[in-house]
$ cat model.csv   # CSV, C-alpha atoms
chain,number,residue,atom,x,y,z
A,1,MET,CA,127.9,115.3,86.1
A,2,PRO,CA,127.7,111.9,84.4
A,3,GLY,CA,128.3,111.7,80.7
A,4,THR,CA,125.3,112.0,78.4
A,5,SER,CA,124.1,109.9,75.5
A,6,SER,CA,122.7,111.1,72.2
A,7,SER,CA,119.2,112.4,72.5
A,8,SER,CA,118.4,111.0,69.1
A,9,ALA,CA,118.2,107.5,70.6
A,10,LEU,CA,115.5,108.6,73.1
A,11,PRO,CA,111.8,108.6,72.4
A,12,PRO,CA,110.2,111.9,71.4
A,13,LEU,CA,109.2,114.3,74.1
A,14,PRO,CA,105.6,114.4,75.1
A,15,GLU,CA,103.5,116.8,73.0
A,16,ASP,CA,101.8,118.3,76.1
A,17,ARG,CA,104.8,119.3,78.1
A,18,VAL,CA,103.6,122.4,80.1
A,19,VAL,CA,103.1,121.8,83.8
A,20,VAL,CA,102.2,124.4,86.3
A,21,GLY,CA,103.3,124.2,89.9
A,22,CYS,CA,102.1,126.2,92.9
A,23,GLY,CA,104.1,126.1,96.1
A,24,MET,CA,107.3,127.0,97.9
A,25,ALA,CA,110.6,128.1,96.3
A,26,CYS,CA,113.4,129.1,98.6
A,27,VAL,CA,117.2,129.1,99.2
A,28,ASP,CA,118.8,126.2,101.0
A,29,TYR,CA,121.9,126.7,103.1
A,30,VAL,CA,123.5,123.3,103.1
A,31,ALA,CA,126.2,122.6,105.7
A,32,VAL,CA,128.4,119.5,105.9
A,33,VAL,CA,129.4,118.4,109.4
A,34,ASP,CA,131.3,115.5,110.9
A,35,ALA,CA,128.2,114.2,112.7
A,36,PHE,CA,124.6,115.4,113.2
A,37,PRO,CA,124.5,117.6,116.4
A,38,VAL,CA,122.5,116.6,119.5
A,39,PRO,CA,120.6,119.3,121.5
A,40,ASP,CA,122.9,121.9,123.0
A,41,GLU,CA,125.9,120.6,121.0
A,42,LYS,CA,128.0,123.0,119.0
A,43,VAL,CA,129.4,121.8,115.6
A,44,ARG,CA,131.6,123.5,113.1
A,45,THR,CA,131.6,123.3,109.3
A,46,GLU,CA,133.9,124.5,106.7
A,47,ASN,CA,131.7,123.4,103.8
A,48,VAL,CA,128.5,125.5,103.2
A,49,ARG,CA,126.7,125.8,99.9
A,50,VAL,CA,123.8,128.1,98.9
A,51,LEU,CA,121.4,126.2,96.6
A,52,GLY,CA,117.9,126.5,95.3
A,53,GLY,CA,115.2,124.6,97.4
A,54,GLY,CA,111.6,124.2,98.2
A,55,ASN,CA,109.4,121.2,97.4
A,56,CYS,CA,107.6,122.8,94.4
A,57,GLY,CA,110.8,124.5,93.0
A,58,ASN,CA,112.8,121.2,93.2
A,59,ALA,CA,110.1,119.1,91.5
A,60,LEU,CA,109.7,121.6,88.7
A,61,THR,CA,113.4,121.9,88.2
A,62,CYS,CA,113.5,118.1,87.9
A,63,ALA,CA,110.7,118.2,85.4
A,64,ALA,CA,112.5,120.9,83.4
A,65,ARG,CA,115.7,118.8,83.2
A,66,LEU,CA,113.6,115.8,82.0
A,67,GLY,CA,112.3,117.9,79.1
A,68,LEU,CA,109.0,119.4,80.3
A,69,LYS,CA,108.1,123.1,80.3
A,70,PRO,CA,107.3,124.0,83.9
A,71,ARG,CA,105.9,127.3,85.1
A,72,ILE,CA,106.0,128.1,88.8
A,73,ILE,CA,103.5,130.2,90.8
A,74,THR,CA,105.1,131.4,94.0
A,75,LYS,CA,106.0,134.4,96.0
A,76,VAL,CA,109.3,135.9,97.0
A,77,ALA,CA,110.4,139.1,98.7
A,78,GLU,CA,112.5,141.8,97.1
A,79,ASP,CA,115.5,140.9,99.4
A,80,GLY,CA,119.0,139.6,98.9
A,81,LYS,CA,117.7,136.1,98.1
A,82,TRP,CA,115.1,136.5,95.4
A,83,LYS,CA,117.5,137.1,92.5
A,84,THR,CA,119.3,133.9,93.4
A,85,ILE,CA,116.0,131.9,93.5
A,86,LEU,CA,114.9,133.2,90.1
A,87,ALA,CA,118.3,133.0,88.4
A,88,GLU,CA,118.5,129.3,89.2
A,89,PHE,CA,115.1,128.6,87.8
A,90,ASP,CA,116.0,130.6,84.6
A,91,ARG,CA,119.1,128.5,84.1
A,92,ASP,CA,117.1,125.3,84.2
A,93,GLY,CA,114.2,126.5,82.0
A,94,VAL,CA,111.5,127.0,84.7
A,95,ASP,CA,109.2,129.8,83.6
A,96,THR,CA,109.2,132.5,86.4
A,97,SER,CA,106.9,135.0,84.8
A,98,TYR,CA,104.1,134.1,87.3
A,99,VAL,CA,106.3,134.7,90.4
A,100,ALA,CA,105.0,137.5,92.6
A,101,ILE,CA,107.7,139.7,94.1
A,102,SER,CA,106.8,141.5,97.3
A,103,LYS,CA,108.5,144.7,98.5
A,104,GLU,CA,107.9,143.5,102.1
A,105,GLY,CA,108.9,140.5,104.1
A,106,SER,CA,111.6,138.0,103.4
A,107,SER,CA,112.0,135.2,100.9
A,108,MET,CA,111.8,131.7,102.3
A,109,PHE,CA,115.1,129.9,103.3
A,110,SER,CA,116.0,126.7,105.1
A,111,PHE,CA,119.1,125.3,106.7
A,112,VAL,CA,120.0,121.7,105.7
A,113,ILE,CA,122.6,119.8,107.8
A,114,VAL,CA,124.3,116.8,106.1
A,115,ASP,CA,126.5,114.5,108.2
A,116,ASP,CA,130.2,112.6,106.8
A,117,GLN,CA,103.8,132.3,103.5
A,118,THR,CA,101.0,131.5,103.0
A,119,LEU,CA,100.4,130.1,99.6
A,120,GLU,CA,97.3,128.1,100.7
A,121,GLY,CA,94.7,130.4,99.2
A,122,ILE,CA,96.7,130.6,95.9
A,123,ASP,CA,97.1,126.8,95.8
A,124,PHE,CA,93.4,126.3,96.0
A,125,ALA,CA,92.5,129.0,93.5
A,126,VAL,CA,94.9,127.5,90.9
A,127,ALA,CA,93.7,124.0,91.6
A,128,GLY,CA,90.1,125.0,91.4
A,129,GLU,CA,90.7,126.7,88.0
A,130,ALA,CA,92.5,123.6,86.8
A,131,ALA,CA,89.7,121.3,87.9
A,132,GLN,CA,87.1,123.4,86.0
A,133,MET,CA,89.3,123.1,82.9
A,134,ASN,CA,89.8,119.3,83.4
A,135,ILE,CA,93.5,119.7,83.8
A,136,PRO,CA,95.0,116.8,85.8
A,137,ILE,CA,96.1,117.9,89.3
A,138,VAL,CA,99.0,116.3,91.2
A,139,ILE,CA,99.2,117.0,94.9
A,140,ASP,CA,102.5,116.5,96.8
A,141,ALA,CA,101.2,115.8,100.4
A,142,GLU,CA,104.1,116.0,102.8
A,143,ARG,CA,102.3,116.6,106.1
A,144,VAL,CA,98.9,117.6,107.5
A,145,ILE,CA,98.3,121.3,107.0
A,146,PRO,CA,95.3,123.6,107.1
A,147,GLY,CA,93.4,123.7,103.8
A,148,LEU,CA,94.8,120.5,102.5
A,149,ASP,CA,91.5,118.7,102.6
A,150,ASP,CA,90.1,121.1,100.0
A,151,LEU,CA,93.0,120.5,97.7
A,152,LEU,CA,92.9,116.7,98.0
A,153,HIS,CA,89.2,116.8,96.9
A,154,LEU,CA,90.4,118.2,93.6
A,155,ALA,CA,93.4,115.9,93.2
A,156,SER,CA,93.7,113.6,90.2
A,157,TYR,CA,96.9,112.1,91.6
A,158,VAL,CA,98.5,112.2,95.0
A,159,VAL,CA,102.2,111.5,95.9
A,160,CYS,CA,102.8,111.6,99.6
A,161,ALA,CA,105.6,111.2,102.2
A,162,GLU,CA,105.8,108.0,104.3
A,163,ASN,CA,104.2,109.4,107.4
A,164,PHE,CA,101.4,111.3,105.8
A,165,PRO,CA,98.8,108.6,105.0
A,166,GLN,CA,98.4,107.3,108.6
A,167,ALA,CA,98.7,110.8,110.0
A,168,TRP,CA,95.7,111.8,107.8
A,169,THR,CA,93.5,108.8,108.1
A,170,ALA,CA,94.6,107.2,111.5
A,171,ALA,CA,94.6,103.9,109.7
A,172,PRO,CA,96.6,101.0,111.3
A,173,SER,CA,99.0,100.7,108.3
A,174,ILE,CA,100.0,102.5,105.1
A,175,ALA,CA,98.2,100.0,103.0
A,176,CYS,CA,94.9,100.5,104.9
A,177,ALA,CA,95.4,104.2,104.7
A,178,LEU,CA,95.7,104.0,100.9
A,179,VAL,CA,92.2,102.4,100.8
A,180,SER,CA,90.9,105.1,103.1
A,181,LEU,CA,92.4,107.9,100.9
A,182,LEU,CA,90.8,106.6,97.7
A,183,LEU,CA,87.4,106.3,99.5
A,184,GLN,CA,87.7,109.9,100.9
A,185,PHE,CA,88.7,111.4,97.5
A,186,PRO,CA,86.7,109.9,94.7
A,187,ARG,CA,88.4,112.1,92.0
A,188,THR,CA,91.8,110.6,92.8
A,189,LYS,CA,93.1,108.0,90.3
A,190,PHE,CA,96.1,106.9,92.3
A,191,VAL,CA,98.0,107.5,95.6
A,192,ILE,CA,101.7,106.9,95.8
A,193,VAL,CA,103.6,106.7,99.1
A,194,THR,CA,107.4,107.2,98.9
A,195,LEU,CA,109.3,105.0,101.4
A,196,GLY,CA,112.9,106.1,101.0
A,197,SER,CA,115.3,103.2,100.6
A,198,ASN,CA,112.3,100.9,100.8
A,199,GLY,CA,110.9,102.1,97.5
A,200,CYS,CA,107.3,103.1,97.2
A,201,ILE,CA,103.7,101.7,97.3
A,202,MET,CA,100.9,102.7,95.0
A,203,LEU,CA,97.2,102.1,95.0
A,204,GLU,CA,95.6,102.7,91.6
A,205,ARG,CA,91.8,103.0,91.3
A,206,SER,CA,89.9,100.9,88.7
A,207,PHE,CA,87.2,102.7,86.8
A,208,SER,CA,86.1,99.6,84.8
A,209,GLY,CA,82.9,99.2,86.9
A,210,GLU,CA,81.7,96.5,89.2
A,211,ASP,CA,82.5,92.9,88.2
A,212,PRO,CA,80.6,90.2,90.1
A,213,ASN,CA,83.5,87.8,89.4
A,214,MET,CA,86.2,90.1,90.8
A,215,LYS,CA,88.2,88.6,93.6
A,216,THR,CA,88.3,90.2,97.0
A,217,LYS,CA,91.6,90.5,98.8
A,218,ASP,CA,92.7,91.9,102.1
A,219,ILE,CA,95.1,94.6,101.2
A,220,GLU,CA,97.5,93.8,104.1
A,221,ASN,CA,97.8,90.2,102.9
A,222,LEU,CA,98.3,91.4,99.3
A,223,VAL,CA,101.2,93.6,100.3
A,224,GLY,CA,102.8,90.6,101.9
A,225,SER,CA,102.4,88.4,98.9
A,226,LEU,CA,103.8,91.1,96.5
A,227,LYS,CA,106.8,91.5,98.7
A,228,LEU,CA,107.6,87.8,98.3
A,229,ARG,CA,107.9,88.4,94.6
A,230,ILE,CA,110.6,91.0,94.9
A,231,GLU,CA,114.2,89.8,94.3
A,232,LYS,CA,116.3,91.3,97.1
A,233,THR,CA,119.4,91.2,95.0
A,234,GLN,CA,118.0,93.4,92.2
A,235,PRO,CA,120.1,96.6,92.3
A,236,THR,CA,118.0,98.7,89.8
A,237,PRO,CA,114.4,99.8,90.6
A,238,ILE,CA,111.6,97.4,89.5
A,239,CYS,CA,107.9,97.3,90.0
A,240,ILE,CA,105.6,94.4,91.1
A,241,SER,CA,101.8,94.8,90.5
A,242,SER,CA,98.7,92.9,91.4
A,243,PRO,CA,95.7,92.4,89.0
A,244,ILE,CA,92.7,94.5,89.5
A,245,MET,CA,90.9,93.3,92.6
A,246,ARG,CA,88.4,94.3,95.2
A,247,LEU,CA,90.8,95.4,97.9
A,248,SER,CA,89.5,95.5,101.5
A,249,ALA,CA,90.8,97.2,104.6
A,250,ASP,CA,89.3,96.0,107.9
A,251,GLY,CA,87.0,98.6,109.4
A,252,ILE,CA,87.6,101.0,106.5
A,253,GLY,CA,85.9,99.6,103.4
A,254,THR,CA,86.8,98.3,99.9
A,255,VAL,CA,88.0,99.8,96.7
A,256,ASN,CA,88.4,98.3,93.2
A,257,GLY,CA,91.9,98.7,91.9
A,258,ARG,CA,95.4,97.3,91.9
A,259,LEU,CA,98.4,97.6,94.2
A,260,LEU,CA,101.9,98.2,93.0
A,261,LEU,CA,105.2,98.0,94.9
A,262,GLY,CA,108.2,99.8,93.6
A,263,THR,CA,111.8,99.3,94.8
A,264,ALA,CA,114.6,101.8,95.2
A,265,GLU,CA,118.0,101.7,93.6
A,266,SER,CA,120.6,100.1,95.9
A,267,ILE,CA,123.1,102.9,96.2
A,268,ALA,CA,126.6,102.1,97.4
A,269,PRO,CA,127.5,103.9,100.7
A,270,SER,CA,130.4,105.5,98.9
A,271,GLU,CA,128.1,107.1,96.4
A,272,LEU,CA,125.3,108.2,98.7
A,273,VAL,CA,125.9,111.9,99.5
A,274,ASP,CA,122.6,113.6,100.5
A,275,THR,CA,119.0,112.6,100.4
A,276,THR,CA,117.6,116.1,100.6
A,277,GLY,CA,114.9,116.6,97.9
A,278,ALA,CA,114.8,113.0,96.8
A,279,GLY,CA,111.0,113.0,97.3
A,280,ASP,CA,110.8,116.1,95.2
A,281,ALA,CA,112.8,114.5,92.4
A,282,PHE,CA,110.4,111.5,92.5
A,283,VAL,CA,107.5,113.9,92.1
A,284,GLY,CA,109.2,115.7,89.2
A,285,ALA,CA,109.7,112.3,87.5
A,286,VAL,CA,106.1,111.4,88.1
A,287,LEU,CA,105.1,114.6,86.3
A,288,TYR,CA,107.2,113.6,83.3
A,289,ALA,CA,105.8,110.1,83.3
A,290,LEU,CA,102.2,111.4,83.3
A,291,CYS,CA,102.9,113.7,80.4
A,292,ALA,CA,104.6,110.9,78.5
A,293,GLY,CA,101.8,108.4,79.1
A,294,MET,CA,104.0,105.9,81.0
A,295,SER,CA,102.3,103.0,82.6
A,296,PRO,CA,102.6,102.8,86.4
A,297,GLU,CA,104.9,99.7,85.9
A,298,LYS,CA,107.3,102.0,84.0
A,299,MET,CA,106.7,105.2,86.0
A,300,LEU,CA,107.6,103.9,89.5
A,301,PRO,CA,111.1,102.5,88.5
A,302,PHE,CA,111.8,105.6,86.4
A,303,ALA,CA,110.9,107.9,89.3
A,304,ALA,CA,113.0,105.9,91.7
A,305,GLN,CA,116.0,106.1,89.4
A,306,VAL,CA,115.6,109.9,89.1
A,307,ALA,CA,115.4,110.2,92.9
A,308,ALA,CA,118.4,108.0,93.3
A,309,ALA,CA,120.5,110.1,90.9
A,310,SER,CA,119.6,113.2,93.0
A,311,CYS,CA,121.1,111.5,96.1
A,312,ARG,CA,124.6,111.5,94.6
A,313,GLU,CA,125.2,115.2,95.0
A,314,MET,CA,124.9,117.6,97.9
A,315,GLY,CA,121.6,119.6,98.0
A,316,ALA,CA,118.2,119.0,96.4
A,317,ARG,CA,119.0,120.1,92.8
A,318,PRO,CA,122.7,119.6,91.7
A,319,GLY,CA,122.2,115.8,91.3
A,320,LEU,CA,118.9,116.1,89.3
A,321,PRO,CA,119.6,114.3,86.0
A,322,GLN,CA,119.1,115.6,82.5
A,323,ARG,CA,116.8,113.6,80.2
A,324,THR,CA,119.9,112.5,78.2
A,325,ASP,CA,121.6,111.0,81.3
A,326,PRO,CA,122.5,107.4,80.3
A,327,ARG,CA,121.2,106.1,83.7
A,328,LEU,CA,117.7,107.0,82.5
A,329,ALA,CA,117.9,105.5,79.1
A,330,PRO,CA,116.6,102.0,80.1
A,331,PHE,CA,113.6,103.5,81.7
A,332,LEU,CA,112.7,105.9,78.9
A,333,HIS,CA,112.7,103.3,76.1
$ encode --input "model.csv" --output "structure tokens"
Amino acid sequence: MPGTSSSSALPPLPEDRVVVGCGMACVDYVAVVDAFPVPDEKVRTENVRVLGGGNCGNALTCAARLGLKPRIITKVAEDGKWKTILAEFDRDGVDTSYVAISKEGSSMFSFVIVDDQTLEGIDFAVAGEAAQMNIPIVIDAERVIPGLDDLLHLASYVVCAENFPQAWTAAPSIACALVSLLLQFPRTKFVIVTLGSNGCIMLERSFSGEDPNMKTKDIENLVGSLKLRIEKTQPTPICISSPIMRLSADGIGTVNGRLLLGTAESIAPSELVDTTGAGDAFVGAVLYALCAGMSPEKMLPFAAQVAAASCREMGARPGLPQRTDPRLAPFLH
């Protein structure tokens, strides 16, 4: 674990720090092999670790280490794994008092190979209550699943994996898919797409009303012009943004807003260990940024830095940084 700096030099924690997550928490069995196996190939490993996992659990663990007070709503079975799952949450300060423990079935688990059920109804019920109370809702959209449309209609913010936008909208590009998503879901303030080592792209809606003098720009062309402004040699995450414009996508429509491109940290191959859960770490950092009132220009580099830190250890959670990690200090001030 990297050294820590004095927390007195950091800005105060957000006043509203409670976040509630509803989703999967599981056990990850992480195995290190010489090379990723091909079909019908047998590989051996002498390095297996048992770690906490699950998208929601990982994101909330990240949020807890950054100083928030997360509560998780999930379900586990009273088997050999549930105590491990809850004990890891307790160590990190994630409130597990809303976890349902079933005497039947089996807790979720996954196998993760590194080379050298049914929470849908609960999700919607929790999101529906939050919407009625005007509590902001963040949806982590990884893939197209039944019931997701109802959740997205309640979303204040959406963070999604690289393949999701086009799989959902059938748009010809990610940029066009962002326009389509904001048109489909009028409550949503922004959509972020994480792109791994290529950073992220975000479309933020403008609520300032229609301006007859507002420029109209094809969103594909805008992406190209923003990319030209990114310095390829910049090792730390940065963000490039457009002004508020009327953004158009051919055959889809227009939306008023601005486009932002975020870069990822350039990690040396010798330091890159495991990208498992990097997207979850990004979501956890976005939760913190929203609670702290960060601007998107600060939020995207901060989230990228947190995600990069998580890639330097094996598994989804061991590399998640604490708020006092000196690597985060430039992004928190």
$ atom_distance --input "model.csv" --atom1 "atom CA of Asp250 of chain A" --atom2 "atom CA of Leu178 of chain A"
12.4 Å
$ closest_residue --input "model.csv" --among "A:Ala308, A:Leu259, A:Leu10, A:Val179" --to "Thr236 of chain A" --atoms "only C-alpha atoms"
A:Ala308
$ closest_residue --input "model.csv" --among "A:Tyr288, A:Gly262, A:Ala329, A:Gln132" --to "Glu231 of chain A" --atoms "all atoms listed in the file"
A:Gly262
$ closest_atom_pairs --input "model.csv" --of "segment 271-292 of chain A" --to "segment 30-44 of chain A" --cutoff "12 Å" --atoms "all atoms listed in the file" --output "tab-separated table"
residue	atom	partner	partner_atom	distance
A:Val273	CA	A:Val32	CA	10.2
A:Asp274	CA	A:Val32	CA	9.9
A:Thr275	CA	A:Val30	CA	11.9
A:Thr276	CA	A:Val30	CA	9.6
$ atom_distance --input "model.csv" --atom1 "atom CA of Met133 of chain A" --atom2 "atom CA of Leu182 of chain A"
22.2 Å
$ atom_distance --input "model.csv" --atom1 "atom CA of Gly257 of chain A" --atom2 "atom CA of Cys200 of chain A"
16.9 Å
$ decode --input "model.csv" --residues "segment 217-230 of chain A" --atoms "N, CA and C atoms" --output "CSV table (one decimal), in the first residue's frame"
chain,number,residue,atom,x,y,z
A,217,LYS,N,-23.6,21.5,-33.7
A,217,LYS,CA,-22.3,20.8,-34.1
A,217,LYS,C,-22.6,19.3,-34.2
A,218,ASP,N,-22.2,18.7,-35.3
A,218,ASP,CA,-22.3,17.2,-35.4
A,218,ASP,C,-21.4,16.6,-34.3
A,219,ILE,N,-21.9,15.7,-33.6
A,219,ILE,CA,-21.2,15.2,-32.4
A,219,ILE,C,-20.0,14.3,-32.8
A,220,GLU,N,-20.1,13.7,-34.0
A,220,GLU,CA,-18.9,12.9,-34.4
A,220,GLU,C,-17.7,13.8,-34.8
A,221,ASN,N,-18.0,15.0,-35.4
A,221,ASN,CA,-17.0,15.9,-35.8
A,221,ASN,C,-16.4,16.6,-34.5
A,222,LEU,N,-17.3,16.8,-33.5
A,222,LEU,CA,-16.8,17.4,-32.2
A,222,LEU,C,-15.9,16.4,-31.5
A,223,VAL,N,-16.2,15.1,-31.5
A,223,VAL,CA,-15.2,14.2,-30.9
A,223,VAL,C,-13.9,14.3,-31.5
A,224,GLY,N,-13.9,14.3,-32.9
A,224,GLY,CA,-12.6,14.4,-33.6
A,224,GLY,C,-11.8,15.7,-33.2
A,225,SER,N,-12.5,16.8,-33.1
A,225,SER,CA,-11.8,18.1,-32.8
A,225,SER,C,-11.3,18.1,-31.3
A,226,LEU,N,-12.1,17.5,-30.4
A,226,LEU,CA,-11.6,17.4,-29.0
A,226,LEU,C,-10.4,16.5,-28.9
A,227,LYS,N,-10.3,15.4,-29.6
A,227,LYS,CA,-9.2,14.5,-29.5
A,227,LYS,C,-7.9,15.2,-30.0
A,228,LEU,N,-8.0,16.1,-30.9
A,228,LEU,CA,-6.8,16.8,-31.4
A,228,LEU,C,-6.2,17.7,-30.3
A,229,ARG,N,-7.0,18.1,-29.3
A,229,ARG,CA,-6.5,18.9,-28.2
A,229,ARG,C,-5.9,18.1,-27.1
A,230,ILE,N,-5.9,16.8,-27.1
A,230,ILE,CA,-5.3,16.0,-26.1
A,230,ILE,C,-3.8,15.8,-26.4
